[in-house]
Every structure is written in C-alpha cells, then in structure tokens.
file run-v8.cif (mmCIF, C-alpha atoms)
data_coords
loop_
_atom_site.group_PDB
_atom_site.id
_atom_site.type_symbol
_atom_site.label_atom_id
_atom_site.label_comp_id
_atom_site.auth_asym_id
_atom_site.auth_seq_id
_atom_site.Cartn_x
_atom_site.Cartn_y
_atom_site.Cartn_z
ATOM 1 C CA MET A 1 24.055 3.605 -102.030
ATOM 2 C CA ASN A 2 22.474 1.518 -99.245
ATOM 3 C CA LYS A 3 25.573 -0.682 -98.997
ATOM 4 C CA VAL A 4 27.808 2.377 -98.681
ATOM 5 C CA PHE A 5 25.547 3.765 -95.971
ATOM 6 C CA LEU A 6 25.597 0.509 -94.044
ATOM 7 C CA LEU A 7 29.372 0.370 -94.352
ATOM 8 C CA LEU A 8 29.595 3.846 -92.823
ATOM 9 C CA ILE A 9 27.200 3.026 -89.981
ATOM 10 C CA ARG A 10 28.568 -0.377 -89.066
ATOM 11 C CA ILE A 11 32.311 -0.073 -89.690
ATOM 12 C CA ILE A 12 33.825 3.283 -90.639
ATOM 13 C CA ILE A 13 32.048 5.551 -88.151
ATOM 14 C CA PRO A 14 32.484 3.131 -85.187
ATOM 15 C CA LEU A 15 36.189 2.753 -86.014
ATOM 16 C CA ALA A 16 36.581 6.533 -86.070
ATOM 17 C CA ILE A 17 34.798 6.839 -82.723
ATOM 18 C CA PHE A 18 36.971 4.129 -81.166
ATOM 19 C CA PHE A 19 40.134 5.827 -82.449
ATOM 20 C CA LEU A 20 39.088 9.111 -80.863
ATOM 21 C CA ALA A 21 38.023 7.313 -77.665
ATOM 22 C CA PHE A 22 41.414 5.625 -77.294
ATOM 23 C CA THR A 23 43.065 9.019 -77.890
ATOM 24 C CA TRP A 24 40.915 10.982 -75.427
ATOM 25 C CA ILE A 25 40.095 8.542 -72.612
ATOM 26 C CA GLY A 26 42.939 6.053 -72.814
ATOM 27 C CA THR A 27 43.199 2.362 -73.503
ATOM 28 C CA THR A 28 40.968 1.120 -70.661
ATOM 29 C CA GLY A 29 38.188 3.569 -71.453
ATOM 30 C CA GLY A 30 38.431 2.750 -75.127
ATOM 31 C CA ILE A 31 38.176 -0.971 -74.469
ATOM 32 C CA ILE A 32 35.147 -0.465 -72.211
ATOM 33 C CA LEU A 33 33.496 1.680 -74.880
ATOM 34 C CA ALA A 34 34.253 -0.926 -77.539
ATOM 35 C CA VAL A 35 32.740 -3.722 -75.426
ATOM 36 C CA LEU A 36 29.616 -1.662 -74.717
ATOM 37 C CA TYR A 37 29.255 -0.867 -78.390
ATOM 38 C CA LEU A 38 29.584 -4.517 -79.411
ATOM 39 C CA LEU A 39 27.013 -5.535 -76.800
ATOM 40 C CA ALA A 40 24.591 -2.875 -77.980
ATOM 41 C CA MET A 41 25.019 -3.867 -81.636
ATOM 42 C CA ASN A 42 24.441 -7.531 -80.809
ATOM 43 C CA LEU A 43 21.572 -7.192 -78.336
ATOM 44 C CA PRO A 44 19.059 -8.823 -80.726
ATOM 45 C CA VAL A 45 21.346 -11.860 -81.024
ATOM 46 C CA ILE A 46 21.876 -11.952 -77.257
ATOM 47 C CA PHE A 47 18.140 -11.741 -76.513
ATOM 48 C CA ASN A 48 17.468 -14.471 -79.053
ATOM 49 C CA LEU A 49 20.110 -16.724 -77.476
ATOM 50 C CA ILE A 50 18.560 -16.162 -74.047
ATOM 51 C CA GLY A 51 15.190 -17.037 -75.564
ATOM 52 C CA THR A 52 16.619 -20.227 -77.053
ATOM 53 C CA GLN A 53 18.029 -21.282 -73.685
ATOM 54 C CA ALA A 54 14.688 -20.543 -72.008
ATOM 55 C CA TYR A 55 12.925 -22.712 -74.598
ATOM 56 C CA ARG A 56 15.283 -25.614 -73.922
ATOM 57 C CA LYS A 57 14.527 -25.304 -70.214
ATOM 58 C CA GLY A 58 10.783 -25.305 -70.839
ATOM 59 C CA ASP A 59 10.228 -21.656 -69.939
ATOM 60 C CA TYR A 60 8.215 -20.791 -73.030
ATOM 61 C CA ASP A 61 6.841 -17.491 -71.735
ATOM 62 C CA LYS A 62 10.366 -16.205 -71.165
ATOM 63 C CA SER A 63 11.428 -17.500 -74.561
ATOM 64 C CA ILE A 64 8.644 -15.524 -76.232
ATOM 65 C CA ARG A 65 9.476 -12.387 -74.232
ATOM 66 C CA MET A 66 13.130 -12.561 -75.236
ATOM 67 C CA MET A 67 12.362 -13.089 -78.914
ATOM 68 C CA LYS A 68 9.931 -10.168 -78.863
ATOM 69 C CA ALA A 69 12.595 -8.025 -77.167
ATOM 70 C CA ALA A 70 15.033 -8.995 -79.911
ATOM 71 C CA LEU A 71 12.469 -8.033 -82.554
ATOM 72 C CA LYS A 72 11.961 -4.589 -81.022
ATOM 73 C CA LEU A 73 15.637 -3.934 -81.689
ATOM 74 C CA SER A 74 15.738 -5.756 -85.012
ATOM 75 C CA PRO A 75 12.146 -5.720 -86.321
ATOM 76 C CA ARG A 76 13.028 -6.974 -89.800
ATOM 77 C CA SER A 77 14.810 -10.121 -88.604
ATOM 78 C CA TYR A 78 12.703 -12.710 -90.408
ATOM 79 C CA SER A 79 14.671 -15.587 -88.860
ATOM 80 C CA ILE A 80 13.912 -14.539 -85.277
ATOM 81 C CA ARG A 81 10.298 -13.773 -86.180
ATOM 82 C CA GLY A 82 10.027 -17.150 -87.877
ATOM 83 C CA SER A 83 11.263 -18.855 -84.693
ATOM 84 C CA LEU A 84 8.710 -16.897 -82.675
ATOM 85 C CA ALA A 85 5.912 -17.938 -85.037
ATOM 86 C CA TRP A 86 6.962 -21.607 -84.784
ATOM 87 C CA LEU A 87 6.887 -21.539 -80.979
ATOM 88 C CA LEU A 88 3.507 -19.775 -80.934
ATOM 89 C CA LEU A 89 2.165 -22.443 -83.300
ATOM 90 C CA LYS A 90 3.457 -25.264 -81.116
ATOM 91 C CA LEU A 91 1.784 -23.643 -78.103
ATOM 92 C CA GLY A 92 -1.525 -23.401 -79.941
ATOM 93 C CA ARG A 93 -1.533 -19.614 -80.310
ATOM 94 C CA ILE A 94 -2.507 -19.905 -83.945
ATOM 95 C CA GLU A 95 -3.660 -16.381 -84.795
ATOM 96 C CA GLU A 96 -0.542 -14.853 -83.234
ATOM 97 C CA ALA A 97 1.630 -17.363 -85.068
ATOM 98 C CA ASP A 98 -0.101 -16.556 -88.345
ATOM 99 C CA ALA A 99 0.467 -12.815 -87.939
ATOM 100 C CA GLU A 100 4.150 -13.326 -87.125
ATOM 101 C CA ILE A 101 4.845 -15.739 -89.965
ATOM 102 C CA GLU A 102 3.166 -13.444 -92.480
ATOM 103 C CA LYS A 103 5.392 -10.578 -91.314
ATOM 104 C CA ALA A 104 8.478 -12.816 -91.465
ATOM 105 C CA ILE A 105 7.662 -13.933 -95.015
ATOM 106 C CA SER A 106 7.100 -10.314 -96.028
ATOM 107 C CA ASP A 107 10.426 -9.200 -94.506
ATOM 108 C CA ALA A 108 12.487 -11.978 -96.108
ATOM 109 C CA GLU A 109 14.228 -10.319 -99.024
ATOM 110 C CA LYS A 110 14.652 -13.360 -101.255
ATOM 111 C CA GLU A 111 12.381 -16.274 -102.065
ATOM 112 C CA GLU A 112 15.071 -18.718 -100.935
ATOM 113 C CA TYR A 113 14.920 -17.143 -97.468
ATOM 114 C CA ARG A 114 11.166 -17.717 -97.362
ATOM 115 C CA TYR A 115 11.204 -21.466 -97.993
ATOM 116 C CA PRO A 116 11.811 -22.491 -94.344
ATOM 117 C CA LEU A 117 9.124 -20.000 -93.251
ATOM 118 C CA TYR A 118 6.598 -21.608 -95.593
ATOM 119 C CA LEU A 119 6.789 -24.815 -93.527
ATOM 120 C CA THR A 120 5.405 -22.993 -90.512
ATOM 121 C CA LYS A 121 2.806 -21.271 -92.691
ATOM 122 C CA ALA A 122 1.681 -24.636 -94.080
ATOM 123 C CA LEU A 123 1.177 -26.091 -90.608
ATOM 124 C CA ILE A 124 -0.748 -22.989 -89.552
ATOM 125 C CA LEU A 125 -3.002 -23.439 -92.600
ATOM 126 C CA TRP A 126 -3.508 -27.086 -91.608
ATOM 127 C CA LYS A 127 -4.455 -26.087 -88.067
ATOM 128 C CA LYS A 128 -6.893 -23.492 -89.408
ATOM 129 C CA GLY A 129 -8.646 -26.093 -91.541
ATOM 130 C CA GLY A 130 -6.897 -25.240 -94.800
ATOM 131 C CA LEU A 131 -5.391 -28.646 -95.518
ATOM 132 C CA ASP A 132 -5.605 -28.294 -99.300
ATOM 133 C CA GLU A 133 -3.976 -24.842 -99.139
ATOM 134 C CA ALA A 134 -1.205 -26.260 -96.945
ATOM 135 C CA ILE A 135 -0.542 -29.095 -99.392
ATOM 136 C CA SER A 136 -0.556 -26.712 -102.362
ATOM 137 C CA LEU A 137 1.940 -24.436 -100.625
ATOM 138 C CA MET A 138 4.298 -27.280 -99.767
ATOM 139 C CA GLU A 139 4.078 -28.758 -103.269
ATOM 140 C CA LYS A 140 5.286 -25.420 -104.628
ATOM 141 C CA VAL A 141 8.073 -25.308 -102.049
ATOM 142 C CA ILE A 142 9.404 -28.782 -102.782
ATOM 143 C CA GLU A 143 9.733 -27.960 -106.484
ATOM 144 C CA ASN A 144 12.631 -25.651 -105.588
ATOM 145 C CA TYR A 145 13.650 -26.489 -102.029
ATOM 146 C CA LYS A 146 14.167 -30.013 -100.722
ATOM 147 C CA ASN A 147 15.264 -30.957 -97.223
ATOM 148 C CA THR A 148 14.231 -33.358 -94.488
ATOM 149 C CA ASN A 149 11.762 -30.922 -92.920
ATOM 150 C CA VAL A 150 10.015 -30.266 -96.227
ATOM 151 C CA TYR A 151 9.659 -33.993 -96.890
ATOM 152 C CA GLY A 152 8.441 -34.575 -93.344
ATOM 153 C CA THR A 153 5.841 -31.814 -93.468
ATOM 154 C CA LEU A 154 4.387 -32.639 -96.879
ATOM 155 C CA GLY A 155 4.467 -36.360 -96.159
ATOM 156 C CA PHE A 156 2.355 -35.826 -93.060
ATOM 157 C CA LEU A 157 -0.081 -33.539 -94.889
ATOM 158 C CA TYR A 158 -0.643 -36.229 -97.539
ATOM 159 C CA ILE A 159 -1.514 -38.670 -94.743
ATOM 160 C CA GLU A 160 -3.949 -36.132 -93.284
ATOM 161 C CA LYS A 161 -5.592 -35.814 -96.705
ATOM 162 C CA GLY A 162 -6.351 -39.538 -96.592
ATOM 163 C CA ASP A 163 -4.934 -40.489 -99.993
ATOM 164 C CA LEU A 164 -2.839 -43.368 -98.704
ATOM 165 C CA ASP A 165 -1.562 -44.389 -102.138
ATOM 166 C CA LYS A 166 -0.148 -40.923 -102.717
ATOM 167 C CA ALA A 167 1.080 -40.739 -99.127
ATOM 168 C CA LEU A 168 2.920 -44.045 -99.508
ATOM 169 C CA SER A 169 4.515 -43.076 -102.801
ATOM 170 C CA PHE A 170 5.707 -39.734 -101.457
ATOM 171 C CA ASN A 171 6.903 -41.088 -98.106
ATOM 172 C CA LEU A 172 8.889 -43.801 -99.873
ATOM 173 C CA GLU A 173 10.529 -41.026 -101.902
ATOM 174 C CA ALA A 174 11.206 -39.170 -98.651
ATOM 175 C CA TYR A 175 12.737 -42.327 -97.173
ATOM 176 C CA GLU A 176 15.094 -42.552 -100.143
ATOM 177 C CA TYR A 177 16.047 -38.926 -99.552
ATOM 178 C CA ASN A 178 16.802 -39.476 -95.850
ATOM 179 C CA ASN A 179 16.245 -42.853 -94.195
ATOM 180 C CA THR A 180 17.334 -41.585 -90.777
ATOM 181 C CA GLY A 181 14.963 -38.630 -90.484
ATOM 182 C CA PRO A 182 12.673 -39.456 -87.519
ATOM 183 C CA VAL A 183 9.614 -37.634 -88.906
ATOM 184 C CA ILE A 184 10.109 -39.198 -92.339
ATOM 185 C CA LEU A 185 10.315 -42.663 -90.770
ATOM 186 C CA ASP A 186 7.244 -42.027 -88.643
ATOM 187 C CA ASN A 187 5.312 -40.823 -91.690
ATOM 188 C CA LEU A 188 6.234 -43.938 -93.632
ATOM 189 C CA GLY A 189 5.555 -46.266 -90.712
ATOM 190 C CA TYR A 190 2.217 -44.600 -89.988
ATOM 191 C CA THR A 191 1.209 -44.825 -93.658
ATOM 192 C CA ARG A 192 1.992 -48.543 -93.601
ATOM 193 C CA LEU A 193 -0.016 -48.889 -90.383
ATOM 194 C CA LEU A 194 -3.058 -47.148 -91.868
ATOM 195 C CA ARG A 195 -2.835 -49.354 -94.946
ATOM 196 C CA GLY A 196 -2.803 -52.469 -92.764
ATOM 197 C CA GLU A 197 0.745 -53.338 -93.841
ATOM 198 C CA TYR A 198 1.853 -54.305 -90.364
ATOM 199 C CA GLU A 199 5.025 -56.220 -91.182
ATOM 200 C CA GLU A 200 6.384 -53.285 -93.166
ATOM 201 C CA ALA A 201 5.258 -50.879 -90.461
ATOM 202 C CA ARG A 202 7.040 -52.869 -87.764
ATOM 203 C CA GLU A 203 10.265 -52.884 -89.755
ATOM 204 C CA ILE A 204 10.163 -49.088 -90.128
ATOM 205 C CA TYR A 205 9.365 -48.464 -86.470
ATOM 206 C CA GLN A 206 12.162 -50.753 -85.361
ATOM 207 C CA GLN A 207 14.525 -48.506 -87.328
ATOM 208 C CA LEU A 208 12.924 -45.373 -85.921
ATOM 209 C CA ILE A 209 13.038 -46.343 -82.252
ATOM 210 C CA LYS A 210 16.766 -47.078 -82.521
ATOM 211 C CA LEU A 211 17.250 -43.419 -83.481
ATOM 212 C CA GLY A 212 15.744 -42.240 -80.188
ATOM 213 C CA PRO A 213 12.942 -39.963 -81.461
ATOM 214 C CA ASN A 214 11.855 -37.194 -79.093
ATOM 215 C CA PHE A 215 8.161 -36.973 -79.960
ATOM 216 C CA PRO A 216 5.259 -39.111 -78.650
ATOM 217 C CA ASP A 217 3.726 -39.944 -82.032
ATOM 218 C CA ALA A 218 6.527 -42.377 -82.896
ATOM 219 C CA PHE A 219 6.116 -44.457 -79.731
ATOM 220 C CA TYR A 220 2.322 -44.400 -79.833
ATOM 221 C CA ASN A 221 2.161 -45.536 -83.450
ATOM 222 C CA TYR A 222 4.680 -48.286 -82.770
ATOM 223 C CA ALA A 223 2.579 -49.400 -79.801
ATOM 224 C CA ARG A 224 -0.370 -49.850 -82.147
ATOM 225 C CA VAL A 225 1.737 -51.964 -84.491
ATOM 226 C CA LEU A 226 3.006 -54.119 -81.627
ATOM 227 C CA ALA A 227 -0.528 -54.538 -80.277
ATOM 228 C CA HIS A 228 -1.597 -55.932 -83.649
ATOM 229 C CA PHE A 229 0.996 -58.699 -83.264
ATOM 230 C CA GLY A 230 -0.104 -59.391 -79.690
ATOM 231 C CA GLU A 231 3.156 -58.070 -78.210
ATOM 232 C CA LEU A 232 1.290 -56.391 -75.379
ATOM 233 C CA GLU A 233 4.131 -55.814 -72.926
ATOM 234 C CA GLN A 234 6.206 -54.039 -75.531
ATOM 235 C CA ALA A 235 3.168 -52.093 -76.669
ATOM 236 C CA LEU A 236 2.534 -51.014 -73.070
ATOM 237 C CA TYR A 237 6.121 -49.873 -72.738
ATOM 238 C CA MET A 238 5.872 -47.805 -75.920
ATOM 239 C CA CYS A 239 2.621 -46.181 -74.798
ATOM 240 C CA ARG A 240 4.063 -45.279 -71.413
ATOM 241 C CA THR A 241 7.164 -43.887 -73.094
ATOM 242 C CA ALA A 242 4.988 -41.743 -75.371
ATOM 243 C CA LEU A 243 3.420 -40.146 -72.282
ATOM 244 C CA THR A 244 6.821 -38.947 -71.060
ATOM 245 C CA PHE A 245 7.081 -36.449 -73.930
ATOM 246 C CA LYS A 246 5.456 -33.053 -74.302
ATOM 247 C CA PHE A 247 2.345 -32.931 -76.437
ATOM 248 C CA TRP A 248 2.502 -29.806 -78.575
ATOM 249 C CA HIS A 249 -0.331 -28.326 -80.590
ATOM 250 C CA THR A 250 1.460 -29.734 -83.646
ATOM 251 C CA THR A 251 1.666 -33.247 -82.201
ATOM 252 C CA THR A 252 -0.414 -35.588 -84.349
ATOM 253 C CA VAL A 253 -1.824 -37.543 -81.409
ATOM 254 C CA THR A 254 -3.328 -36.261 -78.163
ATOM 255 C CA ARG A 255 -2.378 -37.248 -74.651
ATOM 256 C CA GLU A 256 -5.944 -38.469 -74.151
ATOM 257 C CA GLN A 257 -5.646 -40.815 -77.125
ATOM 258 C CA VAL A 258 -2.456 -42.317 -75.753
ATOM 259 C CA GLU A 259 -3.946 -42.672 -72.264
ATOM 260 C CA ASN A 260 -7.054 -44.394 -73.668
ATOM 261 C CA THR A 261 -4.943 -46.793 -75.719
ATOM 262 C CA LEU A 262 -2.765 -47.493 -72.682
ATOM 263 C CA LYS A 263 -5.865 -48.355 -70.648
ATOM 264 C CA GLU A 264 -7.085 -50.708 -73.381
ATOM 265 C CA LEU A 265 -3.696 -52.401 -73.556
ATOM 266 C CA GLU A 266 -3.551 -52.801 -69.774
ATOM 267 C CA GLU A 267 -6.982 -54.435 -69.796
ATOM 268 C CA ALA A 268 -5.990 -56.712 -72.668
ATOM 269 C CA SER A 269 -2.760 -57.657 -70.871
ATOM 270 C CA GLU A 270 -4.639 -58.468 -67.649
ATOM 271 C CA LYS A 271 -7.150 -60.530 -69.584
ATOM 272 C CA ALA A 272 -4.368 -62.433 -71.359
ATOM 273 C CA ALA A 273 -2.624 -63.081 -68.022
ATOM 274 C CA GLY A 274 -5.888 -64.358 -66.526
ATOM 275 C CA SER A 275 -6.469 -66.708 -69.436
ATOM 276 C CA ALA A 276 -2.949 -68.076 -69.086
ATOM 277 C CA ASN A 277 -3.634 -68.918 -65.429
#
call {"tool": "encode", "arguments": {"input": "run-v8.cif", "output": "structure tokens"}}
result
Amino acid sequence: MNKVFLLLIRIIIPLAIFFLAFTWIGTTGGIILAVLYLLAMNLPVIFNLIGTQAYRKGDYDKSIRMMKAALKLSPRSYSIRGSLAWLLLKLGRIEEADAEIEKAISDAEKEEYRYPLYLTKALILWKKGGLDEAISLMEKVIENYKNTNVYGTLGFLYIEKGDLDKALSFNLEAYEYNNTGPVILDNLGYTRLLRGEYEEAREIYQQLIKLGPNFPDAFYNYARVLAHFGELEQALYMCRTALTFKFWHTTTVTREQVENTLKELEEASEKAAGSAN
C-alpha cells in the first residue's frame, strides 16, 4: 500500500498536473512549472550539495546550516544526518554528533544501511571514553561488513587499547585487504613504531608518503621514525608538513605535540651541526 501511495505522490499525480498545466497555460508555462516542481522535490539534495561544497571550502558553519536545512525537508534521510554527525564529531561537538548519529541509525531501515553509521558511532564512543564499547561495536560490524574504513577504524581502536600484538595482527590483515589505504598504512606503521620495529615502520611509511596522505598523523609518525635513524632534516620536513594540515577532533595527534617535536628536532639538528663544526 505504501509503495502504491508513493507512486501516486511522486509520479502519477505530478504527471497529471503537468499534462493539465501544458493544456491550460501552454508549453512555456508548463516547462517553468515542471522545473519548479523538480527543484522543490530535490531541495534536500541541493542543500546537501551546497553543504558539501561549503565543507570543501572550509566553511563548516555553512556546511552544517545547509545539511540541517536539507534535514528539515527530508528529516528521515539517514545519509545526510550521518554526514552531519561526522562533521560535528570532527569539529569536537560530541554531544550533538551523538544525538544526530543515534537518529540516523534509528531512521536507517535496514541493518546494512547502518553499518557505515556505526563507524561514526564508534568514534563518538571512543571520544566519550567508551573505548571498549567502540571496539565491541566495530567487531560486530566487521563480522558482516568489511571495507577500508572499517579496517582503518578498528585497527586504530586496537592501537588505542594498547594491545600491540592484537593491533599488529589485525593491521597486517587490514594491509592484506588494502595495501594502499592511507589510514590502514598509518595504523600498521604506527603499530610498528610503538613496538620499536623501526625498519618495518620506515618501509610502511615510505609507501604511505608516496600516496600523498592528507592528514597530519602520517607525517608526524614518519618524522618520529626518521628521527630514530638520525635523519633529522627529513624528520624536520615531515613535521613541518604535518603542521600544514587541519587538526580535527578525530586527529590522533595534537598540533601542540607536533610543534613540541619540531622544536626538539630543530634543537637536535642545531646541536648536530655545531658538533660537526
């Protein structure tokens, strides 16, 4: 019954109206009416596209406003609401993000639609201090839904837990799944770094940097590996590059950490130069 009703609303009734419009007000009027109707029916999509463009330009307030405008017209769009929750999380607006992702998960009609939303939920749990809950959620997800983002998220959460044996095993599995996924490579390289396996870490980060990652964690972690080998100039370059990227609330390293490491490397480089003279 619902499908028949939707068919009437979205197709049959509009077609009847357009037929009458072309008959009563002529071709031009009918075309104008048709265009206005199509715009009205697609306003949520249009607002969301405007929001996406605003996000790419760094205007996050506008992006949020546009997504919220889209949701007023299409309140059960779990995909738009999921995007809104993700942006709120990245901006550190955790409680707002949590409320939105819960609504998105509730509105998603099928479990398969919820899997991508669970990634955001897991990171919100992590940020709220529920690391074990986040891991449990992602372990359930990966039983039925595997992709690069799932591997990247769970791989990072295992590192956060501190079980480096488990983290290594899982991140090696993730690497087999996709050896060009930047987050997967960073997870594996960082695990190797924490385990003191510097040669292996360097090999992974050399692969990663060639891919041109767009997050500071990759360059900062590689700087630490290079510093271990005494390659200070390269380490300095990586640290400075890390500082050119935006540090989100989901970034695993802070700007202050990178700046402090950069200062230490600069001092070490000056000291090494002085000794050489």
call {"tool": "atom_distance", "arguments": {"input": "run-v8.cif", "atom1": "atom CA of Leu71 of chain A", "atom2": "atom CA of Pro44 of chain A"}}
result
6.9 Å
call {"tool": "closest_residue", "arguments": {"input": "run-v8.cif", "among": "A:Val45, A:Leu91, A:Ile105, A:Leu117", "to": "Thr250 of chain A", "atoms": "all atoms listed in the file"}}
result
A:Leu91
call {"tool": "resolve_selection", "arguments": {"input": "run-v8.cif", "expression": "the PyMOL selection byres ((chain A and resi 171) around 8)", "output": "PyMOL selection string"}}
result
chain A and resi 151+155+167-170+172-175+184+187-188
call {"tool": "closest_residue", "arguments": {"input": "run-v8.cif", "among": "A:Leu43, A:Phe247, A:Phe219, A:Tyr113", "to": "Gly92 of chain A", "atoms": "only C-alpha atoms"}}
result
A:Phe247
call {"tool": "residues_around", "arguments": {"input": "run-v8.cif", "residues": "Ile80 of chain A", "least_positions_apart": "6", "cutoff": "8 Å", "atoms": "only C-alpha atoms", "output": "PDB file with C-alpha atoms, keeping the file's coordinate frame"}}
result
ATOM      1  CA  ASN A  48      17.468 -14.471 -79.053  1.00  0.00           C
ATOM      2  CA  MET A  67      12.362 -13.089 -78.914  1.00  0.00           C
ATOM      3  CA  ALA A  70      15.033  -8.995 -79.911  1.00  0.00           C
ATOM      4  CA  LEU A  71      12.469  -8.033 -82.554  1.00  0.00           C
TER       5      LEU A  71
END
call {"tool": "closest_residue", "arguments": {"input": "run-v8.cif", "among": "A:Thr153, A:Asn214, A:Thr191, A:Ser269", "to": "Thr244 of chain A", "atoms": "all atoms listed in the file"}}
result
A:Asn214
call {"tool": "residues_around", "arguments": {"input": "run-v8.cif", "residues": "Glu95 of chain A", "least_positions_apart": "2", "cutoff": "12 Å", "atoms": "all atoms listed in the file", "output": "PyMOL selection string"}}
result
chain A and resi 85-86+88-93+97-102+121+124-125+127-128
call {"tool": "closest_residue", "arguments": {"input": "run-v8.cif", "among": "A:Leu154, A:Leu87, A:Leu73, A:Ala201", "to": "Asp61 of chain A", "atoms": "all atoms listed in the file"}}
result
A:Leu87
call {"tool": "closest_residue", "arguments": {"input": "run-v8.cif", "among": "A:Ala104, A:Ala223, A:Ser275, A:Leu194", "to": "Asp163 of chain A", "atoms": "only C-alpha atoms"}}
result
A:Leu194
call {"tool": "closest_residue", "arguments": {"input": "run-v8.cif", "among": "A:Gly129, A:Gly189, A:Pro182, A:Pro116", "to": "Arg202 of chain A", "atoms": "all atoms listed in the file"}}
result
A:Gly189
call {"tool": "atom_distance", "arguments": {"input": "run-v8.cif", "atom1": "atom CA of Arg114 of chain A", "atom2": "atom CA of Gly82 of chain A"}}
result
9.6 Å
